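Trainee: The following file, work-v2.pdb, comprises PDB, C-alpha atoms, pLDDT in the B column:
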ATOM      1  CA  MET A   1     -11.732  26.937   5.966  1.00 72.00           C
ATOM      2  CA  THR A   2     -10.779  25.216   2.717  1.00 87.00           C
ATOM      3  CA  PRO A   3     -11.623  21.484   2.911  1.00 89.00           C
ATOM      4  CA  VAL A   4      -8.814  18.939   2.819  1.00 90.00           C
ATOM      5  CA  ARG A   5      -8.638  17.552  -0.733  1.00 94.00           C
ATOM      6  CA  ILE A   6      -8.533  13.748  -0.718  1.00 94.00           C
ATOM      7  CA  LEU A   7      -7.571  11.089  -3.274  1.00 95.00           C
ATOM      8  CA  LEU A   8      -9.257   7.746  -2.578  1.00 94.00           C
ATOM      9  CA  ALA A   9      -7.824   4.545  -4.092  1.00 94.00           C
ATOM     10  CA  ASP A  10      -9.487   1.128  -3.790  1.00 92.00           C
ATOM     11  CA  ASP A  11     -10.180  -1.468  -6.464  1.00 90.00           C
ATOM     12  CA  HIS A  12     -13.730  -2.051  -5.198  1.00 91.00           C
ATOM     13  CA  ALA A  13     -16.167   0.657  -6.308  1.00 90.00           C
ATOM     14  CA  LEU A  14     -18.585  -0.228  -3.498  1.00 90.00           C
ATOM     15  CA  VAL A  15     -15.888   0.378  -0.880  1.00 90.00           C
ATOM     16  CA  ARG A  16     -14.962   3.699  -2.493  1.00 89.00           C
ATOM     17  CA  ARG A  17     -18.591   4.754  -2.471  1.00 92.00           C
ATOM     18  CA  GLY A  18     -18.985   3.943   1.232  1.00 91.00           C
ATOM     19  CA  VAL A  19     -15.758   5.668   2.232  1.00 91.00           C
ATOM     20  CA  ARG A  20     -16.653   8.700   0.140  1.00 92.00           C
ATOM     21  CA  LEU A  21     -19.980   8.997   1.946  1.00 91.00           C
ATOM     22  CA  ILE A  22     -18.147   9.051   5.289  1.00 91.00           C
ATOM     23  CA  LEU A  23     -15.648  11.687   4.159  1.00 91.00           C
ATOM     24  CA  ASP A  24     -17.913  13.976   2.140  1.00 89.00           C
ATOM     25  CA  ASN A  25     -20.241  14.190   5.125  1.00 90.00           C
ATOM     26  CA  GLU A  26     -17.541  16.188   6.945  1.00 90.00           C
ATOM     27  CA  PRO A  27     -17.315  19.935   6.136  1.00 91.00           C
ATOM     28  CA  ASP A  28     -13.504  19.948   6.358  1.00 91.00           C
ATOM     29  CA  LEU A  29     -12.943  16.923   4.078  1.00 92.00           C
ATOM     30  CA  THR A  30     -13.736  16.375   0.400  1.00 91.00           C
ATOM     31  CA  VAL A  31     -12.887  13.596  -2.055  1.00 92.00           C
ATOM     32  CA  VAL A  32     -11.591  15.170  -5.278  1.00 93.00           C
ATOM     33  CA  ALA A  33     -10.394  12.021  -7.089  1.00 92.00           C
ATOM     34  CA  GLU A  34     -10.867   8.246  -7.087  1.00 94.00           C
ATOM     35  CA  ALA A  35      -8.605   5.498  -8.417  1.00 93.00           C
ATOM     36  CA  GLY A  36      -9.087   1.764  -8.917  1.00 91.00           C
ATOM     37  CA  ASP A  37      -5.454   0.698  -8.586  1.00 91.00           C
ATOM     38  CA  GLY A  38      -2.075   1.936  -7.406  1.00 90.00           C
ATOM     39  CA  ALA A  39      -0.829   3.072 -10.795  1.00 91.00           C
ATOM     40  CA  GLU A  40      -3.994   5.098 -11.388  1.00 93.00           C
ATOM     41  CA  ALA A  41      -3.626   6.604  -7.905  1.00 94.00           C
ATOM     42  CA  ILE A  42      -0.188   7.948  -8.829  1.00 94.00           C
ATOM     43  CA  SER A  43      -1.544   9.383 -12.078  1.00 93.00           C
ATOM     44  CA  MET A  44      -4.520  11.012 -10.320  1.00 93.00           C
ATOM     45  CA  ALA A  45      -2.265  12.455  -7.610  1.00 94.00           C
ATOM     46  CA  ARG A  46      -0.091  14.070 -10.263  1.00 92.00           C
ATOM     47  CA  ALA A  47      -3.147  15.576 -11.947  1.00 92.00           C
ATOM     48  CA  GLU A  48      -5.149  16.669  -8.891  1.00 91.00           C
ATOM     49  CA  ARG A  49      -2.392  17.428  -6.329  1.00 94.00           C
ATOM     50  CA  PRO A  50      -4.512  16.355  -3.332  1.00 94.00           C
ATOM     51  CA  ASP A  51      -3.569  17.063   0.292  1.00 94.00           C
ATOM     52  CA  LEU A  52      -4.179  13.489   1.415  1.00 95.00           C
ATOM     53  CA  ALA A  53      -4.175  10.070  -0.281  1.00 95.00           C
ATOM     54  CA  ILE A  54      -6.111   7.145   1.210  1.00 94.00           C
ATOM     55  CA  LEU A  55      -4.831   3.872  -0.267  1.00 94.00           C
ATOM     56  CA  ASP A  56      -6.023   0.290  -0.029  1.00 91.00           C
ATOM     57  CA  ILE A  57      -3.207  -2.292   0.168  1.00 89.00           C
ATOM     58  CA  ALA A  58      -4.403  -5.046  -2.178  1.00 85.00           C
ATOM     59  CA  MET A  59      -4.921  -3.405  -5.588  1.00 89.00           C
ATOM     60  CA  PRO A  60      -4.054  -4.425  -9.173  1.00 85.00           C
ATOM     61  CA  ARG A  61      -0.890  -3.259 -11.002  1.00 86.00           C
ATOM     62  CA  LEU A  62       0.592  -1.488  -7.969  1.00 87.00           C
ATOM     63  CA  THR A  63      -0.386  -2.168  -4.343  1.00 88.00           C
ATOM     64  CA  GLY A  64      -1.176   0.656  -1.979  1.00 89.00           C
ATOM     65  CA  LEU A  65       2.235   0.223  -0.342  1.00 91.00           C
ATOM     66  CA  GLN A  66       4.011   0.439  -3.699  1.00 90.00           C
ATOM     67  CA  ALA A  67       1.969   3.504  -4.640  1.00 92.00           C
ATOM     68  CA  ALA A  68       2.717   5.075  -1.258  1.00 92.00           C
ATOM     69  CA  ARG A  69       6.462   4.711  -1.830  1.00 90.00           C
ATOM     70  CA  GLU A  70       6.234   6.382  -5.228  1.00 91.00           C
ATOM     71  CA  LEU A  71       3.902   9.143  -4.033  1.00 92.00           C
ATOM     72  CA  SER A  72       6.205   9.887  -1.095  1.00 90.00           C
ATOM     73  CA  ARG A  73       9.043  10.310  -3.565  1.00 88.00           C
ATOM     74  CA  LEU A  74       7.075  12.392  -6.079  1.00 89.00           C
ATOM     75  CA  GLN A  75       5.084  14.536  -3.629  1.00 89.00           C
ATOM     76  CA  PRO A  76       6.860  14.650  -0.241  1.00 88.00           C
ATOM     77  CA  ASP A  77       4.209  16.977   1.235  1.00 89.00           C
ATOM     78  CA  LEU A  78       1.339  14.597   0.425  1.00 91.00           C
ATOM     79  CA  ARG A  79      -0.112  12.915   3.515  1.00 93.00           C
ATOM     80  CA  ILE A  80      -0.878   9.211   3.120  1.00 93.00           C
ATOM     81  CA  LEU A  81      -3.221   6.867   4.980  1.00 92.00           C
ATOM     82  CA  ILE A  82      -3.484   3.125   4.451  1.00 91.00           C
ATOM     83  CA  LEU A  83      -7.078   1.848   4.663  1.00 89.00           C
ATOM     84  CA  THR A  84      -7.072  -1.933   4.740  1.00 86.00           C
ATOM     85  CA  MET A  85      -8.774  -5.137   5.810  1.00 86.00           C
ATOM     86  CA  TYR A  86      -5.396  -6.547   6.956  1.00 81.00           C
ATOM     87  CA  ASP A  87      -4.845  -6.456  10.729  1.00 77.00           C
ATOM     88  CA  ASN A  88      -1.205  -7.307  10.131  1.00 72.00           C
ATOM     89  CA  GLU A  89       1.889  -6.056  11.949  1.00 71.00           C
ATOM     90  CA  GLN A  90       4.235  -6.509   8.992  1.00 74.00           C
ATOM     91  CA  TYR A  91       1.962  -4.477   6.703  1.00 80.00           C
ATOM     92  CA  PHE A  92       1.824  -1.753   9.337  1.00 79.00           C
ATOM     93  CA  PHE A  93       5.611  -1.443   9.479  1.00 76.00           C
ATOM     94  CA  GLU A  94       5.817  -1.562   5.684  1.00 82.00           C
ATOM     95  CA  ALA A  95       3.218   1.233   5.524  1.00 84.00           C
ATOM     96  CA  LEU A  96       5.321   3.432   7.810  1.00 80.00           C
ATOM     97  CA  LYS A  97       8.446   2.701   5.771  1.00 82.00           C
ATOM     98  CA  ALA A  98       6.515   3.594   2.604  1.00 85.00           C
ATOM     99  CA  GLY A  99       5.668   7.031   3.986  1.00 85.00           C
ATOM    100  CA  ALA A 100       2.174   6.515   5.412  1.00 88.00           C
ATOM    101  CA  SER A 101       1.252   8.420   8.557  1.00 84.00           C
ATOM    102  CA  GLY A 102      -1.699   6.226   9.484  1.00 85.00           C
ATOM    103  CA  TYR A 103      -3.121   2.721   9.244  1.00 87.00           C
ATOM    104  CA  VAL A 104      -6.897   2.262   9.474  1.00 86.00           C
ATOM    105  CA  LEU A 105      -8.900  -0.969   9.335  1.00 87.00           C
ATOM    106  CA  LYS A 106     -11.890  -1.024   6.990  1.00 86.00           C
ATOM    107  CA  SER A 107     -13.916  -2.816   9.662  1.00 84.00           C
ATOM    108  CA  VAL A 108     -13.825   0.328  11.831  1.00 82.00           C
ATOM    109  CA  ALA A 109     -13.519   2.970   9.111  1.00 81.00           C
ATOM    110  CA  ASP A 110     -16.827   4.546  10.085  1.00 82.00           C
ATOM    111  CA  ARG A 111     -15.385   5.163  13.558  1.00 82.00           C
ATOM    112  CA  ASP A 112     -11.711   5.920  12.892  1.00 86.00           C
ATOM    113  CA  LEU A 113     -11.238   7.246   9.361  1.00 88.00           C
ATOM    114  CA  VAL A 114     -12.289  10.860   9.867  1.00 91.00           C
ATOM    115  CA  GLU A 115     -10.091  11.164  12.959  1.00 88.00           C
ATOM    116  CA  ALA A 116      -7.186   9.554  11.031  1.00 89.00           C
ATOM    117  CA  CYS A 117      -7.563  12.054   8.177  1.00 92.00           C
ATOM    118  CA  ARG A 118      -7.460  15.015  10.540  1.00 90.00           C
ATOM    119  CA  ALA A 119      -4.469  13.584  12.411  1.00 87.00           C
ATOM    120  CA  ALA A 120      -2.578  13.061   9.139  1.00 88.00           C
ATOM    121  CA  ILE A 121      -3.168  16.641   8.040  1.00 88.00           C
ATOM    122  CA  ARG A 122      -1.894  17.862  11.428  1.00 86.00           C
ATOM    123  CA  GLY A 123       1.254  15.805  10.799  1.00 82.00           C
ATOM    124  CA  GLU A 124       0.413  13.328  13.543  1.00 80.00           C
ATOM    125  CA  PRO A 125       0.544   9.515  13.203  1.00 79.00           C
ATOM    126  CA  PHE A 126      -2.651   7.499  13.536  1.00 80.00           C
ATOM    127  CA  LEU A 127      -2.982   3.830  14.411  1.00 76.00           C
ATOM    128  CA  TYR A 128      -6.277   2.151  15.231  1.00 69.00           C
ATOM    129  CA  PRO A 129      -6.467   1.712  19.015  1.00 64.00           C
ATOM    130  CA  GLY A 130      -6.649  -2.086  19.047  1.00 62.00           C
ATOM    131  CA  ALA A 131      -3.259  -2.395  17.373  1.00 62.00           C
ATOM    132  CA  VAL A 132      -1.319  -0.225  19.806  1.00 64.00           C
ATOM    133  CA  ALA A 133      -1.213  -2.772  22.626  1.00 62.00           C
ATOM    134  CA  SER A 134      -0.303  -5.663  20.332  1.00 61.00           C
ATOM    135  CA  LEU A 135       2.484  -3.666  18.636  1.00 63.00           C
ATOM    136  CA  ILE A 136       3.974  -2.606  21.956  1.00 67.00           C
ATOM    137  CA  ARG A 137       3.735  -6.160  23.256  1.00 68.00           C
ATOM    138  CA  ASN A 138       5.336  -7.514  20.090  1.00 66.00           C
ATOM    139  CA  TYR A 139       8.123  -4.927  20.243  1.00 66.00           C
ATOM    140  CA  LEU A 140       8.881  -5.746  23.889  1.00 72.00           C
ATOM    141  CA  ASP A 141       8.930  -9.470  23.085  1.00 72.00           C
ATOM    142  CA  ARG A 142      11.426  -8.871  20.287  1.00 68.00           C
ATOM    143  CA  VAL A 143      13.643  -6.710  22.475  1.00 69.00           C
ATOM    144  CA  ARG A 144      13.598  -9.376  25.180  1.00 75.00           C
ATOM    145  CA  ASP A 145      14.515 -12.066  22.637  1.00 73.00           C
ATOM    146  CA  GLY A 146      17.187  -9.910  21.000  1.00 71.00           C
ATOM    147  CA  GLU A 147      15.334  -9.804  17.675  1.00 61.00           C
ATOM    148  CA  SER A 148      14.724  -6.952  15.248  1.00 56.00           C
ATOM    149  CA  ILE A 149      11.901  -6.171  12.828  1.00 52.00           C
ATOM    150  CA  PRO A 150      12.257  -8.711   9.990  1.00 53.00           C
ATOM    151  CA  ALA A 151      13.762  -7.394   6.774  1.00 59.00           C
ATOM    152  CA  LYS A 152      11.987  -7.909   3.468  1.00 68.00           C
ATOM    153  CA  ALA A 153      13.250 -10.864   1.458  1.00 75.00           C
ATOM    154  CA  ILE A 154      13.115  -8.916  -1.811  1.00 83.00           C
ATOM    155  CA  THR A 155      13.715  -5.338  -2.960  1.00 85.00           C
ATOM    156  CA  ASP A 156      10.925  -2.860  -3.748  1.00 87.00           C
ATOM    157  CA  ARG A 157      11.605  -3.215  -7.499  1.00 89.00           C
ATOM    158  CA  GLU A 158      11.565  -7.019  -7.272  1.00 89.00           C
ATOM    159  CA  GLU A 159       8.249  -6.759  -5.423  1.00 90.00           C
ATOM    160  CA  GLU A 160       6.816  -4.673  -8.279  1.00 92.00           C
ATOM    161  CA  ILE A 161       8.034  -7.252 -10.832  1.00 92.00           C
ATOM    162  CA  LEU A 162       6.673 -10.129  -8.748  1.00 91.00           C
ATOM    163  CA  LYS A 163       3.213  -8.577  -8.530  1.00 91.00           C
ATOM    164  CA  LEU A 164       3.019  -7.881 -12.253  1.00 92.00           C
ATOM    165  CA  VAL A 165       4.290 -11.360 -13.170  1.00 91.00           C
ATOM    166  CA  ALA A 166       1.721 -12.925 -10.841  1.00 89.00           C
ATOM    167  CA  GLU A 167      -1.028 -10.867 -12.480  1.00 89.00           C
ATOM    168  CA  GLY A 168      -0.165 -12.514 -15.813  1.00 89.00           C
ATOM    169  CA  ASN A 169       1.711  -9.678 -17.514  1.00 90.00           C
ATOM    170  CA  SER A 170       4.354 -10.532 -20.103  1.00 91.00           C
ATOM    171  CA  SER A 171       7.932  -9.293 -19.778  1.00 92.00           C
ATOM    172  CA  LYS A 172       7.226  -6.736 -22.521  1.00 93.00           C
ATOM    173  CA  GLU A 173       4.099  -5.454 -20.732  1.00 93.00           C
ATOM    174  CA  ILE A 174       6.006  -5.175 -17.449  1.00 93.00           C
ATOM    175  CA  ALA A 175       8.879  -3.364 -19.144  1.00 93.00           C
ATOM    176  CA  ASP A 176       6.471  -0.866 -20.709  1.00 92.00           C
ATOM    177  CA  LEU A 177       4.645  -0.245 -17.422  1.00 90.00           C
ATOM    178  CA  LEU A 178       7.821   0.287 -15.379  1.00 90.00           C
ATOM    179  CA  PHE A 179       9.810   2.064 -18.116  1.00 89.00           C
ATOM    180  CA  ILE A 180      12.631  -0.486 -18.042  1.00 92.00           C
ATOM    181  CA  SER A 181      14.026  -2.931 -20.619  1.00 93.00           C
ATOM    182  CA  VAL A 182      12.719  -6.447 -21.180  1.00 93.00           C
ATOM    183  CA  LYS A 183      16.211  -7.710 -20.319  1.00 93.00           C
ATOM    184  CA  THR A 184      16.019  -5.954 -16.942  1.00 93.00           C
ATOM    185  CA  VAL A 185      12.619  -7.525 -16.259  1.00 92.00           C
ATOM    186  CA  GLU A 186      14.005 -10.987 -17.075  1.00 91.00           C
ATOM    187  CA  ARG A 187      16.988 -10.409 -14.786  1.00 90.00           C
ATOM    188  CA  HIS A 188      14.732  -9.374 -11.910  1.00 91.00           C
ATOM    189  CA  ARG A 189      12.510 -12.414 -12.467  1.00 90.00           C
ATOM    190  CA  ALA A 190      15.530 -14.736 -12.423  1.00 88.00           C
ATOM    191  CA  ASN A 191      16.729 -13.097  -9.200  1.00 87.00           C
ATOM    192  CA  LEU A 192      13.283 -13.586  -7.649  1.00 89.00           C
ATOM    193  CA  LEU A 193      13.227 -17.284  -8.478  1.00 87.00           C
ATOM    194  CA  GLN A 194      16.706 -17.735  -7.031  1.00 84.00           C
ATOM    195  CA  LYS A 195      16.119 -15.646  -3.872  1.00 83.00           C
ATOM    196  CA  LEU A 196      12.801 -17.254  -3.039  1.00 83.00           C
ATOM    197  CA  GLY A 197      13.792 -20.782  -4.061  1.00 82.00           C
ATOM    198  CA  LEU A 198      10.942 -21.029  -6.591  1.00 83.00           C
ATOM    199  CA  LYS A 199      10.761 -22.738  -9.988  1.00 81.00           C
ATOM    200  CA  ASP A 200       8.271 -20.946 -12.208  1.00 82.00           C
ATOM    201  CA  ARG A 201       5.499 -18.350 -12.673  1.00 83.00           C
ATOM    202  CA  LEU A 202       2.942 -20.526 -10.863  1.00 83.00           C
ATOM    203  CA  GLU A 203       5.065 -20.658  -7.724  1.00 83.00           C
ATOM    204  CA  LEU A 204       5.745 -16.919  -7.986  1.00 86.00           C
ATOM    205  CA  THR A 205       1.980 -16.354  -8.157  1.00 87.00           C
ATOM    206  CA  ARG A 206       1.387 -18.478  -5.055  1.00 84.00           C
ATOM    207  CA  TYR A 207       4.081 -16.542  -3.217  1.00 85.00           C
ATOM    208  CA  ALA A 208       2.525 -13.216  -4.302  1.00 86.00           C
ATOM    209  CA  ILE A 209      -0.858 -14.340  -2.925  1.00 83.00           C
ATOM    210  CA  ARG A 210       0.692 -15.355   0.416  1.00 79.00           C
ATOM    211  CA  ALA A 211       2.535 -12.019   0.559  1.00 80.00           C
ATOM    212  CA  GLY A 212      -0.714 -10.110   0.010  1.00 81.00           C
ATOM    213  CA  LEU A 213       0.434  -8.588  -3.302  1.00 85.00           C
ATOM    214  CA  ILE A 214      -2.539 -10.011  -5.193  1.00 84.00           C
ATOM    215  CA  GLU A 215      -5.871 -11.459  -4.151  1.00 79.00           C
ATOM    216  CA  PRO A 216      -6.495 -15.182  -4.750  1.00 69.00           C
TER     217      PRO A 216
END
Can the structure in the file be given as structure tokens, please?

Mentor:
Amino acid sequence: MTPVRILLADDHALVRRGVRLILDNEPDLTVVAEAGDGAEAISMARAERPDLAILDIAMPRLTGLQAARELSRLQPDLRILILTMYDNEQYFFEALKAGASGYVLKSVADRDLVEACRAAIRGEPFLYPGAVASLIRNYLDRVRDGESIPAKAITDREEEILKLVAEGNSSKEIADLLFISVKTVERHRANLLQKLGLKDRLELTRYAIRAGLIEP
């Protein structure tokens, strides 16, 4: 049987090394490419055409969720897993919306990751067991209270701009990275400030940290 070809993206080399050891120890799984951020993950996926992408959430340039959205658009057949330290319901729902078929915590990766990879390739969803009860409980609470899953305050494109602004990129650098005009970047930034009720880059950066787009 041909092993499942995996792209692994995490901005910490030590984490990548540990995860690779887990995966390469399985005869049906093999890591064929590594990336240190979301943008590099997209580039590597285009070059290597893996069967499965495993993405961290908090990465420079593009987060794992942003990369997942783009990879789902570019390569609809690519299976995607989110591997993260965040035990967070909102991130889980965002991961599903972005096209991921599984959500695995790094703290239990040695136990759950291999099973999650195999489930993803079979086209089955995977969620770490501890989250199932809390998600069902949360869903039932929301139904009882007449609530729905909260909508994002900003668009996907505004989120990309916010992350890059918070990382210290100039409007020109952002425009070049996203293949849009400087004027479009400035318009998005103005919209962000207005939508979020913020005043400047510093407050945007603080918001990006709270939203998990960048690490403090």

Trainee: Give me the residues near Gly123 of chain A as a PyMOL selection string, where near means some atom within 12 Å (using all atoms listed in the file) and where sequence neighbours in that chain fewer than 2 positions away do not count.

Mentor: chain A and resi 51-52+77-81+99-102+116-121+125-126

Trainee: Please return as a VMD selection string every residue within 7 Å of (-13.7, 9.9, -3.4), taking into account all atoms listed in the file and the file's own coordinates.

Mentor: chain A and resid 6 to 8 16 20 31 to 34

Trainee: Atom CA of Tyr103 of chain A to atom CA of Leu83 of chain A: how many Å, to one decimal?

Mentor: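 Going from atom CA of Tyr103 of chain A over to atom CA of Leu83 of chain A covers 6.1 Å.
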
Trainee: Excluding Asp28 of chain A and its own-chain neighbours fewer than 6 positions away, which residues fall within 10 Å of it when counting all atoms listed in the file? Please give them as an MDAnalysis selection string.

Mentor: chainID A and resid 1:5 114 118

Trainee: Please, what distance in Å, to one decimal, runs between atom CA of Thr63 of chain A and atom CA of Leu29 of chain A?

Mentor: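 So the two atoms, atom CA of Thr63 of chain A and atom CA of Leu29 of chain A, lie 24.4 Å apart.
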
Trainee: So what do you get for atom CA of Asp24 of chain A versus atom CA of Asp110 of chain A, distance-wise?

Mentor: 12.4 Å

Trainee: As a check of understanding, name the residues that the PyMOL selection byres ((chain A and resi 75) around 10) selects in the supplied structure, as a list in words.

Mentor: Ile42, Ala45, Arg46, Arg49, Pro50, Asp51, Glu70, Leu71, Ser72, Arg73, Leu74, Pro76, Asp77, Leu78 and Arg79 of chain A

Trainee: Show which residues sit within 8 Å of Glu94 of chain A, as a PyMOL selection string. Count only C-alpha atoms, and ignore same-chain residues fewer than 4 positions away.

Mentor: chain A and resi 65+90+98

Trainee: Select, from A:Leu23, A:Glu215, A:Glu159, A:Asn88, the residue with the minimum atom-to-atom distance to Arg111 of chain A, counting all atoms listed in the file.

Mentor: A:Leu23

Trainee: I'd like the neighbourhood of segment 182-197 of chain A as a PyMOL selection string, where a residue qualifies if any of its atoms comes within 10 Å (using all atoms listed in the file), though same-chain residues fewer than 5 positions away should be ignored.

Mentor: chain A and resi 153-155+157-162+165+170-176+203-204+207

Trainee: Between A:Gly146, A:Leu21, A:Leu140, A:Leu178, which one has atoms that come closest to Leu113 of chain A, using all atoms listed in the file?

Mentor: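 Closest residue, counting all atoms listed in the file: A:Leu21.
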
Trainee: When you count all atoms listed in the file, which of these residues is closest to Leu213 of chain A: A:Glu89, A:Asp145, A:Asp56, A:Glu48?

Mentor: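 Smallest separation from Leu213 of chain A among the options: A:Asp56.
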
Trainee: Between A:Ser107, A:Leu127, A:Arg206, A:Glu115, single out the one closest to Gly18 of chain A, counting all atoms listed in the file.

Mentor: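 So, comparing all the options, the nearest one is A:Ser107.
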